[in-house]
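Single-structure report; data block below.
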Amino acid sequence: MLLSVAIDAPLRRTFDYRCPPDWDAGSILPGTRISVPFGRRRIVGILLEYLERSEVPAAKLRPAYHAIDAEPTFDAALLQLLRWSADYYRHPLGEVFAAAMPGPIREGVPLREEEWLWRLTSSGRDHGLAAISARAGRQRQVVELLLKRESATFEELAEEAGTSREVLRQLSNRGVIERFSRSVQRDPAIPTANTALSLNAHQREAVERVRATLGSFASHLLYGVTGSGKTEVYLHLIEEVLRRGEQSLVMVPEIALTPQLLHRFKSRFNAEIAVMHSGLNETERLSAWRNAREGTAGIVIGTRSAVFAPLARPGLIVIDEEHDASFKQHEGFRYSARDLAIVRAQRLNIPVLLGSATPSLETLARAQKQPQWLSRLPQRAASATAPRWSLIDLRKVGQTQGIATPVLLSMRRHLDAGGQVMLFLNRRGYAPVLFCPACGWGARCKRCDAHLTLHQRARSLICHHCGAEHAPIDVCPDCFGPVKPVGQGTERIEETIAQMFPDLPLARLDRDSTRRKGELESVLTRVNSGEVSILIGTQMLTKGHDFPNVTLVVVLNADQGLFSTDFRASERLAQTIVQVAGRAGRADRPGEVLIQTEYPDHPLLTLLLNGGYEAFASGALNEREQCQWPPFARIALLRAEAASMRVPLEFLEAALRAGRKQNVRGVKLLGPAPATMERRAGRHRAQLLVHASSHGPLQRFLQPWIAQLEALPEAKRVRWSIDVDAGELF
């Protein structure tokens with residue numbers, strides 16, 4: 001009997017091994033971690049299946065060492081989902097499994113939490129006291145205690161026998177006691193819920209619609225305007241799932257959302273909550289993973305990778321802010337957590353609930369085909385009303401460092417009335433360009449086709465694409481004239497606002513200001529307590545935060561996304577504007593939204609202003625259908641990069657020739673072409689787009705094509721990757 005094993009390696013294949021001679025093959029199930037030789041290393045693999053024969057010659061097959069666990073790491077349903085994911089996204093299976101495990105589990109630590117205890121050896125139980133001198137009081141106390149009980153932890157021995165680790169080491173060396181481990185068995189606590197908020201008619205209808213499908217698959221969309229109480233709908237449904245003795249998986253797009261959501265859940269439920277995101281250390285991730293797998297956590301909250309969280313008793317999956325691009329992984333295993341969550345719910349036969357005020361066009365198109373699973377929340381919860389929107393034409397008004405005079409007047413009016421103000425600019429740093437007005441020189445990254453961004457606080461020039469850092473420059477290296485920063489980032493806006501409102505406390509929320517653990521929570525606490533009057537931030541502000549005292553929201557530069565080569569750019573811009581505008585007027589005070597633009601007549605802005613996101617989405621879906629772009633078609637992007645542009649283009653031309661020979665109906669190849677940013681991190685990038693009429697033709701084309709790509713001579717000279725359902729074309 002042979003074993004098929006998945007190894008964490010960038011190879012699209014599995015590896016065959018012989019069974020160890022003493023292995024009872026039937027007792028080791030697929031999905032179990034096993035220790036195997038790989039080259040000169042001993043590594044951890046995942047058993048996939050048993051084989052009767054192998055294409056590898058028998059003389060070259062090596063035996064596996066042993067099974068690490070007596071039970072599978074992944075149950076049958078999760079194992080099949082991971083295998084399906086590797087096939088769908090055309091990614092090496094071993095790396096897919098690695099993405100679904102915390103680091104310590106990949107390295108072979110026990111699946112279950114273990115505790116270390118001490119016990120008497122058989123010799124120690126028979127002759128322990130007789131062999132110990134009467135003067136060795138501490139040692140005798142340990143033996144006497146262990147004669148009364150089967151085992152004890154070090155902490156128990158230290159407290160009850162007054163022992164130390166040195167005493168235990170001495171007894172162990174004499175063969176009197178021994179140390180052993182055992183799995184910690186934790187019984188799930190019976191969860192309870194605190195008093196819930198009352199629901200309005202639309203919320204009750206949404207809860208009942210989802211509740212009716214518990215125990216079966218349904219892909220629900222909760223389409224609610226910002227501040228409409230989507231979270232309260234989630235909480236009511238999770239309470240029902242907990243009552244059924246099942247677990248809920250709640251997925252959020254960013255770590256930034258987790259603290260506020262976690263506080264809301266903890267104040268509502270007396271239940272174990274497992275949190276999973278990249279900001280945790282390995283010990284914290286392992287603990288959350290184990291709690292989810294053992295079922296001790298009734299609620300699992302996490303970001304993208306939590307879609308692979310092991311669940312003992314799954315009952316519901318919730319995807320909050322489902323439209324967010326953060327649910328798509330853009331490096332390595334390029335999966336969509338939102339799409340995989342839907343597939344997982346279908347395979348588990350449980351409902352999945354997607355919530356958003358600005359649903360993705362893919363989700364809206366799906367909802368149009370399944371209207372019975374669409375729930376709308378058209379009004380804000382409680383007494384809150386929708387904010388009033390206005391465009392500020394930057395061509396006609398004065399500005400101070402990118403802030404229009406009417407905006408400053410509105411800020412003063414809202415601040416004097418006791419409201420908070422939020423300024424949104426999706427550009428961190430002090431200034432995006434350092435420029436010489438005398439000769440036109442600009443500070444550019446040596447490794448990317450991009451300008452270096454000036455960061456005043458860090459006193460450095462930073463490339464936001466490759467991370468390269470340089471010391472600040474005061475004099476032009478070409479003409480030796482003075483240089484000046486051009487444009488605004490959040491740092492510069494913070495400086496300007498501090499000068500104009502010197503007596504008011506302000507805070508900045510971006511990736512630079514929240515790098516250290518706890519800083520994000522600190523800023524959010526200060527804002528919600530009223531300690532901060534003015535909040536300045538980037539995309540992090542759009543992630544569903546609830547700031548009840550914010551009455552004015554200002555979008556400082558709405559023009560950044562109006563002109564782009566990416567067909568999804570208008571959708572993302574509309575979502576960003578609506579989401580950030582939705583932070584205004586969420587309590588009982590009316591809100592106002594001001595949008596600064598030099599293109600007030602742009603169709604996208606006027607459509608949003610007059611018809612809201614729904615009007616935009618309707619028009620955008622019609623355009624997508626006419627042009628045959630997703631969700632009315634499927635795409636995959638083949639990317640390649642090398643030290644010079646000639647090499648990736650040669651590889652992509654060879655890939656194009658190989659693809660055309662297949663002649664799969666419904667599939668077109670577009671390109672190759674250089675990426676929008678041709679050079680990044682010192683490497684030149686190009687891409688080839690695969691456009692298919694639907695999922696079936698795309699997968700029929702990709703399966704043999706990937707194998708052909710791996711065999712191309714040109715493939716050895718480039719780094720290449722395939723991105724199925726690519727989120728960005730760049």
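The way I read the labels, and the way they are meant: chains A, B, ... in the order of the structure tokens, residue 1 as the first residue of every chain, and ligand 1 as the first ligand shown, with later ones counted on from there.
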
(message) So that I can check the surroundings of Tyr599 in chain A, please list as a count of residues only every protein, DNA and RNA residue that reaches within 10 Å of it, counting only C-alpha atoms and ignoring chain neighbours fewer than 6 positions away.
(response) 10

(message) Taking 3 positions as the minimum chain separation for residues in the same chain, which residues sit within 8 Å of Val647 in chain A when counting only C-alpha atoms? Answer as a ChimeraX atom specification.
(response) /A:641-644,650-651,714,717-718

(message) Taking 3 positions as the minimum chain separation for residues in the same chain, which residues sit within 10 Å of Pro314 in chain A when counting only C-alpha atoms? Answer as a list in words.
(response)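 Skipping anything fewer than 3 positions along the chain leaves Gly215, Val241, Gly245, Glu246, Gln247, Ser248, Leu249, Ala292, Gly295, Gly298, Ile299, Pro310, Leu311, Ile317, Ala345, Leu348, Asn349, Ile350 and Pro351 of chain A.
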
Store the residues picked out above, limited to C-alpha atoms, as a PDB file, in the first residue's frame.
ATOM      1  CA  GLY A 215     -29.856  23.617   8.548  1.00  0.00           C
ATOM      2  CA  VAL A 241     -27.324  29.332  16.041  1.00  0.00           C
ATOM      3  CA  GLY A 245     -25.557  24.145  19.758  1.00  0.00           C
ATOM      4  CA  GLU A 246     -23.765  25.186  16.561  1.00  0.00           C
ATOM      5  CA  GLN A 247     -20.928  27.545  15.664  1.00  0.00           C
ATOM      6  CA  SER A 248     -20.966  30.755  13.640  1.00  0.00           C
ATOM      7  CA  LEU A 249     -18.085  31.951  11.478  1.00  0.00           C
ATOM      8  CA  ALA A 292     -12.596  26.573  16.742  1.00  0.00           C
ATOM      9  CA  GLY A 295     -15.923  23.492  19.291  1.00  0.00           C
ATOM     10  CA  GLY A 298     -19.194  29.121  19.664  1.00  0.00           C
ATOM     11  CA  ILE A 299     -18.247  32.157  17.557  1.00  0.00           C
ATOM     12  CA  PRO A 310     -11.849  24.187  11.304  1.00  0.00           C
ATOM     13  CA  LEU A 311     -15.357  24.057  12.775  1.00  0.00           C
ATOM     14  CA  ILE A 317     -21.281  31.834   7.940  1.00  0.00           C
ATOM     15  CA  ALA A 345     -21.522  26.796   3.125  1.00  0.00           C
ATOM     16  CA  LEU A 348     -21.750  22.030   4.700  1.00  0.00           C
ATOM     17  CA  ASN A 349     -25.426  22.568   3.861  1.00  0.00           C
ATOM     18  CA  ILE A 350     -25.673  25.709   6.006  1.00  0.00           C
ATOM     19  CA  PRO A 351     -26.674  29.286   5.109  1.00  0.00           C
TER      20      PRO A 351
END

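With only C-alpha atoms taken into account, the protein and nucleic acid residues at most 12 Å from Asn663 in chain A (excluding it and anything under 4 positions from it in its own chain) are Leu656, Arg657, Ala658, Gly659, Val667, Lys668, Leu669, Ala692, Pro697, Leu698, Arg700, Phe701, Leu702, Pro704 and Trp705 of chain A.
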
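Omitting Ala438 in chain A and its sequence neighbours fewer than 2 positions away, and counting only C-alpha atoms, the residues within 7 Å are Cys436, Gly440 and Gly481 of chain A.
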
(message) From the options A:Leu415, A:Pro603, A:Val578, A:Arg447, which residue's atoms come nearest to Asp503 in chain A, counting only C-alpha atoms?
(response)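 Checking each of A:Leu415, A:Pro603, A:Val578, A:Arg447 against Asp503 in chain A, counting only C-alpha atoms, the winner is A:Leu415.
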
(request) Determine the nearest neighbour of Glu294 in chain A from the options A:Ala404, A:Gly619, A:Ala675, A:Leu111, counting only C-alpha atoms. (result) A:Leu111

(message) Please determine, counting only C-alpha atoms, which residue among A:Leu377, A:Val176, A:Ala636, A:Leu47 has the shortest atom-to-atom distance to Arg204 in chain A.
(response)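 Going through A:Leu377, A:Val176, A:Ala636, A:Leu47 one by one, the smallest distance to Arg204 in chain A is for A:Leu377.
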
(request) Name the residues in contact with Val96 in chain A at a cut-off of 9 Å, using only C-alpha atoms, excluding same-chain residues fewer than 4 positions from it; report them as a list in words. (result)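 My reading of the contact set: Asp8, Leu82, Arg83, Ser85, Ala86, His91, Pro92, Ala100 and Phe333 of chain A.
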
Keeping only C-alpha atoms, write those residues as a compact mmCIF listing (two decimals), in the first residue's frame.
# COMPACT_ATOMS: atom_id res chain seq x y z
CA ASP A 8 4.22 22.50 1.36
CA LEU A 82 -9.10 22.60 0.19
CA ARG A 83 -8.56 20.13 -2.65
CA SER A 85 -9.74 25.26 -3.96
CA ALA A 86 -6.36 24.11 -5.26
CA HIS A 91 -2.39 26.50 -7.07
CA PRO A 92 -0.04 23.89 -5.55
CA ALA A 100 -5.18 26.68 6.19
CA PHE A 333 -2.47 31.37 -3.07

(request) Once DSSP has gone over the backbone, tell me which residues of range 158-365 of chain A are in alpha helix (DSSP H), as a PyMOL selection string. (result) chain A and resi 158-161+165-173+201-211+230-243+258-268+282-294+337-348+361-365

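Between CA of Arg112 in chain A and CA of Phe154 in chain A there is a distance of 19.9 Å.
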
Counting only C-alpha atoms, give me one row per residue of range 395-442 of chain A with an atom at most 8 Å from an atom of range 492-499 of chain A, showing the shortest contact pair and its distance in Å to one decimal, sorted by chain then residue number, as a Markdown table.
| residue | atom | partner | partner_atom | distance |
| --- | --- | --- | --- | --- |
| A:Thr400 | CA | A:Thr496 | CA | 8.0 |
| A:Gln401 | CA | A:Thr496 | CA | 6.9 |
| A:Gly402 | CA | A:Ile493 | CA | 7.9 |
| A:Gly429 | CA | A:Arg492 | CA | 7.4 |
| A:Tyr430 | CA | A:Arg492 | CA | 4.6 |
| A:Ala431 | CA | A:Arg492 | CA | 6.8 |

I'd like the neighbourhood of Leu689 in chain A as a compact mmCIF listing (two decimals) with N, CA and C atoms, in the first residue's frame, where a residue qualifies if any of its atoms comes within 10 Å (using only C-alpha atoms), though same-chain residues fewer than 5 positions away should be ignored.
# COMPACT_ATOMS: atom_id res chain seq x y z
N ILE A 635 -12.65 35.52 -15.83
CA ILE A 635 -11.32 35.89 -16.29
C ILE A 635 -10.26 35.21 -15.43
N ALA A 636 -9.09 35.08 -16.01
CA ALA A 636 -7.90 34.66 -15.27
C ALA A 636 -6.74 35.46 -15.84
N LEU A 637 -5.82 35.83 -15.00
CA LEU A 637 -4.70 36.67 -15.43
C LEU A 637 -3.40 35.91 -15.23
N LEU A 638 -2.65 35.75 -16.30
CA LEU A 638 -1.32 35.15 -16.23
C LEU A 638 -0.31 36.28 -16.13
N ARG A 639 0.41 36.33 -15.00
CA ARG A 639 1.39 37.38 -14.78
C ARG A 639 2.79 36.79 -14.85
N LEU A 656 0.84 32.34 -25.11
CA LEU A 656 -0.24 32.67 -26.05
C LEU A 656 -0.31 31.64 -27.18
N LYS A 668 -11.05 33.49 -24.93
CA LYS A 668 -10.22 34.41 -25.71
C LYS A 668 -8.98 34.77 -24.90
N LEU A 669 -7.88 34.99 -25.58
CA LEU A 669 -6.64 35.43 -24.95
C LEU A 669 -6.36 36.85 -25.39
N LEU A 670 -6.17 37.76 -24.43
CA LEU A 670 -5.95 39.17 -24.72
C LEU A 670 -4.57 39.57 -24.22
N GLY A 671 -3.76 40.08 -25.11
CA GLY A 671 -2.39 40.46 -24.74
C GLY A 671 -1.40 39.59 -25.49
N PRO A 672 -0.17 39.53 -24.97
CA PRO A 672 0.34 40.09 -23.71
C PRO A 672 0.61 41.58 -23.79
N ALA A 673 0.73 42.20 -22.61
CA ALA A 673 1.01 43.63 -22.52
C ALA A 673 1.73 43.89 -21.21
N ILE A 722 -0.70 32.46 -11.87
CA ILE A 722 -2.03 32.52 -12.48
C ILE A 722 -3.00 33.01 -11.42
N ASP A 723 -3.84 33.96 -11.77
CA ASP A 723 -4.81 34.55 -10.84
C ASP A 723 -6.20 34.35 -11.42
N ALA A 726 -9.35 37.23 -11.18
CA ALA A 726 -8.46 38.31 -10.73
C ALA A 726 -9.27 39.51 -10.25
N LEU A 729 -6.66 44.29 -12.43
CA LEU A 729 -5.90 44.14 -13.67
C LEU A 729 -4.82 45.22 -13.66

(message) I need the residue nearest Ala77 in chain A from this list: A:Val343, A:Leu171, A:Ala620, A:Ala158. Use only C-alpha atoms for the distance.
(response)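 So, comparing all the options, the nearest one is A:Val343.
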
(request) Provide the CA of Ile462 in chain A to CA of Arg685 in chain A distance in Å, to one decimal place. (result)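 So the two atoms, CA of Ile462 in chain A and CA of Arg685 in chain A, lie 21.1 Å apart.
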
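The residue that comes closest to Thr363 in chain A, out of A:Tyr223, A:Phe15, A:Tyr65, A:Phe567 and on the basis of only C-alpha atoms, is A:Tyr223.
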
(message) Which residue is closest to Ser35 in chain A? Choose from A:Gly108, A:Gly103, A:Pro674, A:Gly94 and count only C-alpha atoms.
(response)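 Among the listed residues, the smallest separation from Ser35 in chain A belongs to A:Gly108.
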